[in-house]
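S.K.: Structure file start_4.txt (compact mmCIF, C-alpha atoms and all ligand atoms) is given on the next line.
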# COMPACT_ATOMS: atom_id res chain seq x y z
CA MET A 2 0.00 0.00 0.00
CA SER A 3 1.32 3.50 -0.85
CA LEU A 4 1.96 5.93 1.98
CA ARG A 5 -0.75 8.23 0.57
CA ARG A 6 -3.31 5.40 0.87
CA GLU A 7 -2.07 4.53 4.36
CA ILE A 8 -2.40 8.15 5.52
CA ALA A 9 -5.85 8.47 3.88
CA GLU A 10 -7.07 5.30 5.66
CA GLN A 11 -5.73 6.59 8.96
CA ILE A 12 -7.59 9.90 8.48
CA ALA A 13 -10.79 8.06 7.47
CA THR A 14 -10.80 6.11 10.75
CA GLU A 15 -9.21 8.54 13.21
CA GLY A 16 -9.93 11.99 11.72
CA PRO A 17 -7.70 14.78 10.32
CA ILE A 18 -4.01 14.91 11.30
CA THR A 19 -1.72 17.87 12.04
CA VAL A 20 0.85 19.14 9.52
CA GLU A 21 3.48 17.98 12.04
CA ARG A 22 2.21 14.41 11.96
CA TYR A 23 1.94 14.49 8.17
CA MET A 24 5.52 15.73 7.75
CA GLY A 25 6.76 13.16 10.25
CA LEU A 26 5.08 10.30 8.32
CA ALA A 27 6.08 11.61 4.87
CA LEU A 28 9.75 11.96 5.81
CA SER A 29 10.33 9.28 8.44
CA HIS A 30 7.72 6.50 8.06
CA PRO A 31 9.78 3.36 8.81
CA LYS A 32 9.02 1.80 5.40
CA HIS A 33 7.84 4.54 3.02
CA GLY A 34 9.42 7.67 4.57
CA TYR A 35 11.17 9.86 1.98
CA TYR A 36 14.63 9.58 3.54
CA ARG A 37 14.22 5.92 4.51
CA SER A 38 13.68 4.72 0.98
CA ARG A 39 16.13 6.55 -1.31
CA ASP A 40 19.25 8.60 -1.94
CA PRO A 41 17.60 11.85 -3.09
CA PHE A 42 20.70 13.89 -3.96
CA GLY A 43 22.25 15.14 -7.16
CA LEU A 44 21.16 16.02 -10.67
CA GLU A 45 19.27 12.76 -11.09
CA GLY A 46 17.70 13.03 -7.63
CA ASP A 47 15.37 15.69 -6.24
CA PHE A 48 17.75 18.38 -4.97
CA ILE A 49 21.40 19.32 -4.55
CA THR A 50 22.98 20.61 -1.35
CA ALA A 51 25.99 22.89 -0.78
CA PRO A 52 28.54 20.12 -0.04
CA GLU A 53 27.44 18.36 -3.24
CA ILE A 54 28.02 21.57 -5.23
CA SER A 55 31.64 21.97 -4.21
CA GLN A 56 34.31 20.45 -1.97
CA MET A 57 35.08 24.02 -0.79
CA PHE A 58 31.99 24.02 1.44
CA GLY A 59 32.99 21.00 3.55
CA GLU A 60 36.66 21.97 3.57
CA LEU A 61 35.95 25.39 5.05
CA ILE A 62 33.63 23.87 7.65
CA GLY A 63 36.40 21.43 8.57
CA LEU A 64 38.76 24.35 9.15
CA TRP A 65 36.02 26.17 11.10
CA ALA A 66 35.78 23.10 13.36
CA VAL A 67 39.56 23.03 13.85
CA ASP A 68 39.49 26.72 14.80
CA CYS A 69 36.66 26.10 17.32
CA TRP A 70 38.60 23.20 18.83
CA ALA A 71 41.65 25.46 19.25
CA ARG A 72 39.47 28.12 20.94
CA MET A 73 38.10 25.39 23.24
CA GLY A 74 41.67 24.79 24.49
CA GLU A 75 42.34 21.75 22.26
CA PRO A 76 40.53 19.11 24.36
CA GLU A 77 42.10 15.65 24.02
CA ARG A 78 38.73 14.09 23.26
CA LEU A 79 36.20 15.78 21.02
CA VAL A 80 32.73 14.51 20.13
CA LEU A 81 32.38 15.53 16.46
CA VAL A 82 28.72 15.17 15.48
CA GLU A 83 27.01 15.70 12.16
CA LEU A 84 23.21 15.70 12.03
CA GLY A 85 21.77 14.28 8.78
CA PRO A 86 25.02 13.85 6.82
CA GLY A 87 23.30 12.90 3.52
CA ARG A 88 25.95 11.27 1.32
CA GLY A 89 28.71 12.06 3.86
CA THR A 90 30.39 14.50 1.48
CA LEU A 91 30.60 17.41 3.93
CA MET A 92 32.23 15.30 6.64
CA ALA A 93 34.66 13.68 4.18
CA ASP A 94 35.77 17.07 2.82
CA ALA A 95 35.99 18.50 6.35
CA LEU A 96 38.21 15.65 7.57
CA ARG A 97 40.47 15.93 4.54
CA ALA A 98 40.97 19.66 5.20
CA ALA A 99 41.53 18.99 8.92
CA ARG A 100 44.55 16.81 8.11
CA LEU A 101 46.48 20.07 8.33
CA VAL A 102 46.14 19.70 12.12
CA PRO A 103 46.71 15.99 12.94
CA ARG A 104 46.09 16.52 16.68
CA PHE A 105 42.53 17.59 15.89
CA LEU A 106 41.93 14.31 14.04
CA GLU A 107 43.49 12.34 16.90
CA ALA A 108 41.09 14.04 19.33
CA ALA A 109 37.93 13.77 17.22
CA ARG A 110 35.50 10.84 17.48
CA ILE A 111 32.98 10.94 14.68
CA HIS A 112 29.29 10.49 15.44
CA LEU A 113 26.75 10.65 12.61
CA VAL A 114 23.05 11.06 13.38
CA GLU A 115 21.17 9.41 10.54
CA THR A 116 17.94 7.43 10.40
CA SER A 117 18.22 6.19 6.79
CA GLU A 118 19.97 2.82 6.31
CA ILE A 119 20.56 3.63 2.63
CA LEU A 120 22.33 6.88 3.50
CA ARG A 121 24.26 5.28 6.38
CA ALA A 122 25.77 2.85 3.87
CA ARG A 123 26.65 5.73 1.57
CA GLN A 124 28.22 7.70 4.47
CA SER A 125 30.24 4.69 5.51
CA GLU A 126 31.85 4.58 2.04
CA THR A 127 32.39 8.33 1.66
CA VAL A 128 33.58 9.18 5.17
CA GLY A 129 35.41 5.87 5.45
CA ARG A 130 37.53 6.80 2.44
CA ALA A 131 38.54 10.12 4.01
CA ASN A 132 38.87 8.67 7.49
CA THR A 133 42.43 7.38 7.45
CA THR A 134 43.80 8.84 10.65
CA HIS A 135 41.25 8.39 13.37
CA GLY A 136 38.96 5.89 15.06
CA PRO A 137 35.74 4.27 13.90
CA ILE A 138 32.61 6.17 12.92
CA SER A 139 29.49 5.65 15.04
CA TRP A 140 25.90 6.10 13.86
CA HIS A 141 22.97 7.15 16.03
CA GLU A 142 19.23 7.55 15.62
CA SER A 143 19.16 10.86 17.48
CA PHE A 144 21.43 13.51 19.01
CA ALA A 145 20.40 12.33 22.51
CA GLN A 146 22.24 9.04 21.84
CA THR A 147 25.60 10.67 21.09
CA PRO A 148 28.15 10.54 23.94
CA GLU A 149 28.62 13.46 26.32
CA GLY A 150 31.83 15.51 26.25
CA PRO A 151 33.31 18.57 24.52
CA LEU A 152 31.27 18.90 21.34
CA ILE A 153 31.47 20.28 17.83
CA LEU A 154 28.25 19.73 15.89
CA ILE A 155 27.45 20.44 12.24
CA ALA A 156 23.94 20.51 10.77
CA ASN A 157 23.57 21.51 7.12
CA GLU A 158 20.01 21.34 5.76
CA PHE A 159 18.87 19.23 8.70
CA PHE A 160 16.54 21.49 10.69
CA ASP A 161 14.38 22.22 7.61
CA ALA A 162 13.36 18.55 7.58
CA LEU A 163 12.00 18.63 11.14
CA PRO A 164 8.20 18.71 11.34
CA ILE A 165 6.36 21.97 12.08
CA ARG A 166 2.79 22.84 13.11
CA GLN A 167 0.84 25.51 11.23
CA TYR A 168 -1.92 27.85 12.47
CA LEU A 169 -4.17 30.18 10.48
CA LEU A 170 -5.87 33.33 11.80
CA ASP A 171 -9.55 33.82 11.01
CA THR A 172 -12.13 36.18 12.52
CA GLN A 173 -12.46 34.07 15.68
CA GLY A 174 -8.79 33.36 16.38
CA TRP A 175 -5.96 31.02 15.45
CA ARG A 176 -6.95 27.56 14.22
CA GLU A 177 -4.56 24.70 13.58
CA ARG A 178 -4.09 23.72 9.95
CA LEU A 179 -4.97 20.03 9.55
CA ILE A 180 -4.89 17.51 6.75
CA GLY A 181 -8.11 15.64 6.04
CA LEU A 182 -9.92 14.14 3.05
CA ASP A 183 -12.00 15.98 0.43
CA ASP A 184 -15.20 14.64 -1.17
CA GLU A 185 -13.18 12.49 -3.58
CA GLY A 186 -11.11 10.99 -0.77
CA SER A 187 -7.93 12.95 -1.67
CA LEU A 188 -5.71 14.53 0.97
CA SER A 189 -6.63 18.20 1.52
CA PHE A 190 -5.89 21.03 3.92
CA GLY A 191 -8.50 22.15 6.45
CA LEU A 192 -8.69 23.83 9.86
CA SER A 193 -9.46 22.70 13.40
CA GLY A 194 -13.01 23.43 14.61
CA GLU A 195 -11.73 24.93 17.87
CA THR A 196 -9.49 27.98 18.04
CA VAL A 197 -6.23 27.64 19.98
CA ALA A 198 -6.82 29.59 23.19
CA GLU A 199 -3.11 29.99 24.08
CA LEU A 200 -2.30 31.74 20.78
CA ARG A 201 -3.12 35.43 21.05
CA LEU A 202 -0.68 36.93 18.52
CA ALA A 203 -2.03 39.90 16.58
CA ALA A 204 -1.70 39.60 12.79
CA PRO A 205 -3.69 40.32 9.63
CA GLN A 206 -6.58 37.92 8.89
CA GLY A 207 -5.41 34.90 6.90
CA SER A 208 -1.90 34.96 8.38
CA VAL A 209 -0.17 31.60 8.79
CA LEU A 210 2.00 31.00 11.85
CA GLU A 211 4.50 28.14 11.95
CA ILE A 212 5.86 26.59 15.13
CA GLY A 213 8.74 24.12 14.95
CA SER A 214 8.62 22.47 18.36
CA ALA A 215 10.89 19.59 17.30
CA GLY A 216 13.60 22.02 16.14
CA MET A 217 13.35 24.11 19.31
CA ALA A 218 13.55 21.01 21.53
CA LEU A 219 16.66 19.85 19.67
CA SER A 220 18.21 23.30 19.92
CA ARG A 221 17.65 23.24 23.70
CA GLU A 222 19.20 19.78 23.95
CA ILE A 223 22.30 20.83 21.99
CA ALA A 224 22.61 24.05 24.01
CA ALA A 225 22.42 22.19 27.32
CA ARG A 226 25.24 19.88 26.14
CA LEU A 227 27.35 22.88 25.05
CA ALA A 228 26.77 24.68 28.35
CA ALA A 229 27.75 21.58 30.35
CA PHE A 230 30.73 20.27 28.32
CA GLY A 231 31.87 23.16 26.10
CA GLY A 232 31.93 23.46 22.34
CA ALA A 233 30.03 24.84 19.39
CA ALA A 234 27.28 23.89 16.96
CA LEU A 235 26.97 25.20 13.40
CA ILE A 236 23.51 25.28 11.84
CA ILE A 237 23.20 26.16 8.13
CA ASP A 238 19.83 26.17 6.44
CA TYR A 239 17.45 28.24 4.41
CA GLY A 240 15.16 30.25 6.58
CA HIS A 241 14.29 33.56 8.14
CA THR A 242 16.07 35.61 10.75
CA GLN A 243 13.03 37.71 11.71
CA GLN A 244 10.05 35.87 13.12
CA GLY A 245 7.13 36.44 10.79
CA PHE A 246 4.04 34.92 9.27
CA GLY A 247 3.72 32.83 6.13
CA ASP A 248 3.25 29.32 4.81
CA THR A 249 6.71 27.91 4.01
CA LEU A 250 5.81 24.22 3.76
CA GLN A 251 7.13 23.07 0.40
CA ALA A 252 7.68 19.89 -1.55
CA VAL A 253 10.37 19.34 -4.16
CA ARG A 254 10.68 16.54 -6.68
CA ARG A 255 13.25 16.39 -9.49
CA HIS A 256 14.30 19.98 -8.73
CA GLN A 257 10.72 21.33 -9.14
CA PHE A 258 8.20 22.52 -6.55
CA VAL A 259 5.16 20.26 -6.31
CA ASP A 260 2.00 20.07 -4.16
CA PRO A 261 3.04 18.96 -0.62
CA LEU A 262 0.01 16.62 -0.45
CA GLU A 263 0.55 15.06 -3.87
CA ALA A 264 2.84 12.15 -3.06
CA PRO A 265 3.88 11.82 0.61
CA GLY A 266 7.10 9.81 0.94
CA GLU A 267 8.09 10.55 -2.66
CA THR A 268 8.83 14.27 -2.44
CA ASP A 269 11.18 16.22 -0.18
CA LEU A 270 9.04 18.12 2.33
CA THR A 271 10.63 21.04 4.16
CA ALA A 272 9.79 24.26 5.98
CA HIS A 273 11.91 27.38 6.42
CA VAL A 274 13.98 27.34 9.58
CA ASP A 275 13.02 29.94 12.17
CA PHE A 276 16.50 30.95 13.39
CA THR A 277 15.15 33.37 15.99
CA SER A 278 13.23 30.63 17.80
CA LEU A 279 16.14 28.19 17.60
CA GLY A 280 18.53 30.84 18.95
CA ASN A 281 16.18 31.91 21.75
CA ALA A 282 15.57 28.30 22.80
CA ALA A 283 19.35 27.72 22.99
CA MET A 284 20.04 30.92 24.92
CA LYS A 285 17.48 29.90 27.58
CA GLU A 286 19.68 26.83 28.20
CA GLY A 287 22.73 29.02 28.74
CA ALA A 288 24.32 28.86 25.27
CA LEU A 289 25.71 31.81 23.33
CA ARG A 290 24.30 32.58 19.87
CA HIS A 291 26.50 33.74 16.96
CA GLY A 292 24.70 35.18 13.93
CA PRO A 293 22.63 34.26 12.04
CA VAL A 294 24.49 35.69 9.07
CA ALA A 295 23.98 35.09 5.36
CA GLN A 296 25.81 31.98 4.08
CA ARG A 297 27.60 34.38 1.74
CA GLN A 298 29.12 36.29 4.67
CA PHE A 299 30.01 33.13 6.57
CA LEU A 300 31.83 31.51 3.63
CA ARG A 301 33.55 34.72 2.53
CA GLU A 302 34.87 35.30 6.03
CA LEU A 303 36.22 31.77 6.06
CA GLY A 304 38.08 32.54 2.83
CA ILE A 305 36.08 30.80 0.11
CA GLU A 306 37.30 33.17 -2.59
CA ALA A 307 40.95 32.51 -1.77
CA ARG A 308 40.26 28.75 -1.69
CA ALA A 309 38.60 28.95 -5.12
CA GLY A 310 41.62 30.88 -6.40
CA SER A 311 44.07 28.25 -5.15
CA LEU A 312 42.01 25.36 -6.60
CA LYS A 313 41.89 27.17 -9.94
CA GLN A 314 45.68 27.44 -10.11
CA LYS A 315 45.90 23.68 -10.60
CA ALA A 316 42.72 23.37 -12.68
CA SER A 317 42.03 22.95 -16.40
CA GLU A 318 39.94 25.63 -18.12
CA ALA A 319 36.78 23.54 -17.78
CA GLN A 320 37.50 22.81 -14.11
CA ALA A 321 38.16 26.51 -13.43
CA ALA A 322 34.81 27.40 -14.99
CA SER A 323 33.05 24.86 -12.79
CA ILE A 324 34.82 26.22 -9.66
CA ASP A 325 33.61 29.72 -10.60
CA SER A 326 30.05 28.57 -11.12
CA ALA A 327 30.06 26.66 -7.79
CA LEU A 328 31.31 29.82 -6.07
CA VAL A 329 28.48 31.88 -7.56
CA ARG A 330 25.96 29.28 -6.47
CA LEU A 331 27.27 29.14 -2.90
CA ILE A 332 27.70 32.88 -2.27
CA GLY A 333 25.65 34.61 -4.97
CA ASP A 334 22.27 36.18 -4.39
CA ALA A 335 20.58 35.63 -7.77
CA PRO A 336 17.49 33.39 -7.77
CA GLY A 337 18.60 29.79 -7.32
CA ALA A 338 21.83 30.80 -5.55
CA MET A 339 22.32 30.11 -1.85
CA GLY A 340 24.30 33.13 -0.71
CA THR A 341 21.52 35.07 0.99
CA LEU A 342 18.68 32.52 1.04
CA PHE A 343 20.74 30.32 3.34
CA LYS A 344 21.86 31.48 6.77
CA ALA A 345 24.54 30.27 9.18
CA MET A 346 24.12 30.42 12.95
CA ALA A 347 26.35 28.98 15.65
CA LEU A 348 25.58 28.13 19.26
CA SER A 349 28.38 27.78 21.76
CA SER A 350 29.30 27.43 25.37
CA PRO A 351 29.20 30.84 27.11
CA THR A 352 32.97 31.43 27.11
CA LEU A 353 33.54 30.66 23.43
CA THR A 354 33.40 34.03 21.70
CA GLY A 355 34.53 35.46 18.36
CA LEU A 356 33.85 32.32 16.31
CA ALA A 357 35.15 32.52 12.73
CA GLY A 358 32.56 33.48 10.13
CA PHE A 359 30.32 35.56 12.35
CA GLY A 360 31.57 39.09 11.94
CA SER A 361 34.76 38.97 13.97
CA LEU A 362 36.86 39.80 10.90
CA THR A 363 34.57 42.06 8.90
CA GLU A 364 31.51 44.23 9.38
CA PRO A 365 28.37 42.08 9.14
CA GLU A 366 26.80 42.17 5.68
CA PRO A 367 23.07 42.96 5.58
CA LEU A 368 20.89 39.83 5.53
C1 LIG B 401 18.46 17.48 3.12
S1 LIG B 401 19.42 16.16 3.68
C2 LIG B 401 20.92 17.05 4.08
C3 LIG B 401 22.12 16.22 3.85
C4 LIG B 401 23.49 16.81 4.11
N1 LIG B 401 23.59 17.48 5.38
C5 LIG B 401 23.94 17.70 2.99
O1 LIG B 401 24.12 18.89 3.24
O2 LIG B 401 24.12 17.20 1.88
C6 LIG B 401 18.78 15.71 5.26
C7 LIG B 401 19.52 14.59 5.96
O3 LIG B 401 18.97 14.39 7.27
C8 LIG B 401 18.57 13.02 7.44
N2 LIG B 401 17.39 13.07 8.32
C9 LIG B 401 16.20 13.63 8.02
N3 LIG B 401 15.39 13.59 9.10
C10 LIG B 401 16.10 13.00 10.09
C11 LIG B 401 15.82 12.68 11.45
N4 LIG B 401 14.65 12.97 12.00
N5 LIG B 401 16.79 12.11 12.18
C12 LIG B 401 18.01 11.84 11.63
N6 LIG B 401 18.32 12.10 10.35
C13 LIG B 401 17.38 12.67 9.58
C14 LIG B 401 18.33 12.53 6.04
O4 LIG B 401 18.36 11.14 5.91
C15 LIG B 401 19.47 13.24 5.30
O5 LIG B 401 20.71 12.58 5.53
Could you spell out this file's structure in structure tokens?
Ligand SMILES: C[S@@+](CC[C@H](N)C(=O)[O-])C[C@H]1O[C@@H](n2cnc3c(N)ncnc32)[C@H](O)[C@@H]1O
M.R.:
Amino acid sequence: MSLRREIAEQIATEGPITVERYMGLALSHPKHGYYRSRDPFGLEGDFITAPEISQMFGELIGLWAVDCWARMGEPERLVLVELGPGRGTLMADALRAARLVPRFLEAARIHLVETSEILRARQSETVGRANTTHGPISWHESFAQTPEGPLILIANEFFDALPIRQYLLDTQGWRERLIGLDDEGSLSFGLSGETVAELRLAAPQGSVLEIGSAGMALSREIAARLAAFGGAALIIDYGHTQQGFGDTLQAVRRHQFVDPLEAPGETDLTAHVDFTSLGNAAMKEGALRHGPVAQRQFLRELGIEARAGSLKQKASEAQAASIDSALVRLIGDAPGAMGTLFKAMALSSPTLTGLAGFGSLTEPEPL
């Protein structure tokens, strides 16, 4: 049975479900969940992420991690976590760049948080190939299962896959957006009968409010670990830096936007990351927040243009052209480029200040 049929049958017997439940099933259903059943990356897949565009992305993040570790006082043991490593490309490039500082690699123990067996196998190959100088890689179902200790955590395009709830304001108040069945038995959006008494935010009629409780809970968990053991977490994703209203739930298939209800489990469902809420949740647990800044600023401060220049010195004409186009994609602001759409934010233990990439070297660029 397809996941769409399974969800429709569930709604027929138990009633409409929340957007949060729908996203959770579509992405993480044990059998049909989008990430459980495929490798969605690349030109032939559904989307392409920054580490898949260019090795420069992972390399600079590797050097960022080495710099954080030095600022932490070079702890002898470091828990190096990546959330949702995809094909493992970012971690492999990061470890290769970090070979410049062998003591960092001796200290780091690699912990990958990944629920997809297919992607775990892929990560094992990719990271395994780069992983010549340090101990074994461990996989975990969730961040909570990773060991305690001084921490550096990387999450690129992970938080946008965490389920959100949506609310819509009508004349009587905020109602939760639900997914039910229309007259033909197809999945369709509707609203809860009751208004949500605790929500009293003023906004224009028809406004949509999104709340990402799963993301905020994870941010609190990471922050508590950082406050207790020291370290830093880097979150890069597309999203907004000012809390606002709007429906950002979207589905992508073969690089095109499609209806989020069309084919659950077969399209990539995401929502914009609310950096303000993630940052506030972390600060309540005693962590420091750095940024968010545009990805463009973060990567430029880490020296992406110089890295592109040095790669081009050894490149053929065709390779040099592809390095240039990757650079434009990563730091440009034209439609389709990631430079300003994506943001970088770090969380850290309270004494870790001046992290690279967050305005310590240059004036912040406008978001
Ligand atoms: C959009 S991909 C990003 C991949 C990678 N970070 C990159 O930049 O190429 C999301 C990743 O998170 C994993 N993932 C999604 N939801 C997850 C969850 N709830 N727990 C653990 N991993 C999850 C997916 O399997 C995938 O590896």
S.K.: Here's a test: counting only C-alpha atoms, identify every protein, DNA and RNA residue with an atom at most 12 Å from (35.3, 30.0, -3.7) in the file's coordinate frame, and state them as a ChimeraX atom specification.
M.R.: /A:54-61,297,299-313,321-333,340
S.K.: Which residues come within 10 Å of Ser125 in chain A, counting all atoms listed in the file, excluding same-chain residues fewer than 3 positions away, as a ChimeraX atom specification?
M.R.: /A:88-89,113,120-122,128-130,132,138-140
S.K.: Report, in Å with one decimal, the straight-line distance from CA of Ile12 in chain A to CA of Leu182 in chain A.
M.R.: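 That distance, rounded to one decimal, is 7.3 Å.
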S.K.: For Ala347 in chain A, work out the shell of residues within 8 Å, counting only C-alpha atoms and skipping chain neighbours fewer than 5 positions away, then give it as a VMD selection string.
M.R.: chain A and resid 233 to 236 290 to 293
S.K.: Which of these residues is nearest to Gln206 in chain A, using all atoms listed in the file: A:Asp183, A:Glu142, A:Asp275, A:Asp171?
M.R.: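 Closest to Gln206 in chain A, using all atoms listed in the file: A:Asp171.
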S.K.: Using only C-alpha atoms and all ligand atoms, which of A:Arg97, A:His141, A:Arg72, A:His33 sits nearest ligand LIG 401 (chain B)?
M.R.: A:His141
S.K.: Of the candidates A:Glu177, A:Glu53, A:Glu77, A:Asp47, which one gets nearest to Phe105 in chain A if we count all atoms listed in the file?
M.R.: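 Nearest candidate to Phe105 in chain A out of A:Glu177, A:Glu53, A:Glu77, A:Asp47: A:Glu77.
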S.K.: Please, which residues have at least one atom within 8 Å of an atom of ligand LIG 401 (chain B), using all atoms listed in the file, listed as a ChimeraX atom specification?
M.R.: /A:28-29,36-37,42,49-53,83-91,114-117,120,142-143,156-159,161-163
S.K.: Could you check how far CA of Pro351 in chain A sits from CA of Cys69 in chain A, in Å to one decimal?
M.R.: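 Computing the Euclidean distance for CA of Pro351 in chain A and CA of Cys69 in chain A yields 13.2 Å.
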S.K.: In the coordinate frame of the file, compute which residues have an atom within 9 Å of (20.9, 31.7, 6.0) when using all atoms listed in the file, and state them as number ranges by chain.
M.R.: A: 237-242, 274, 276, 293-297, 339-346, 368
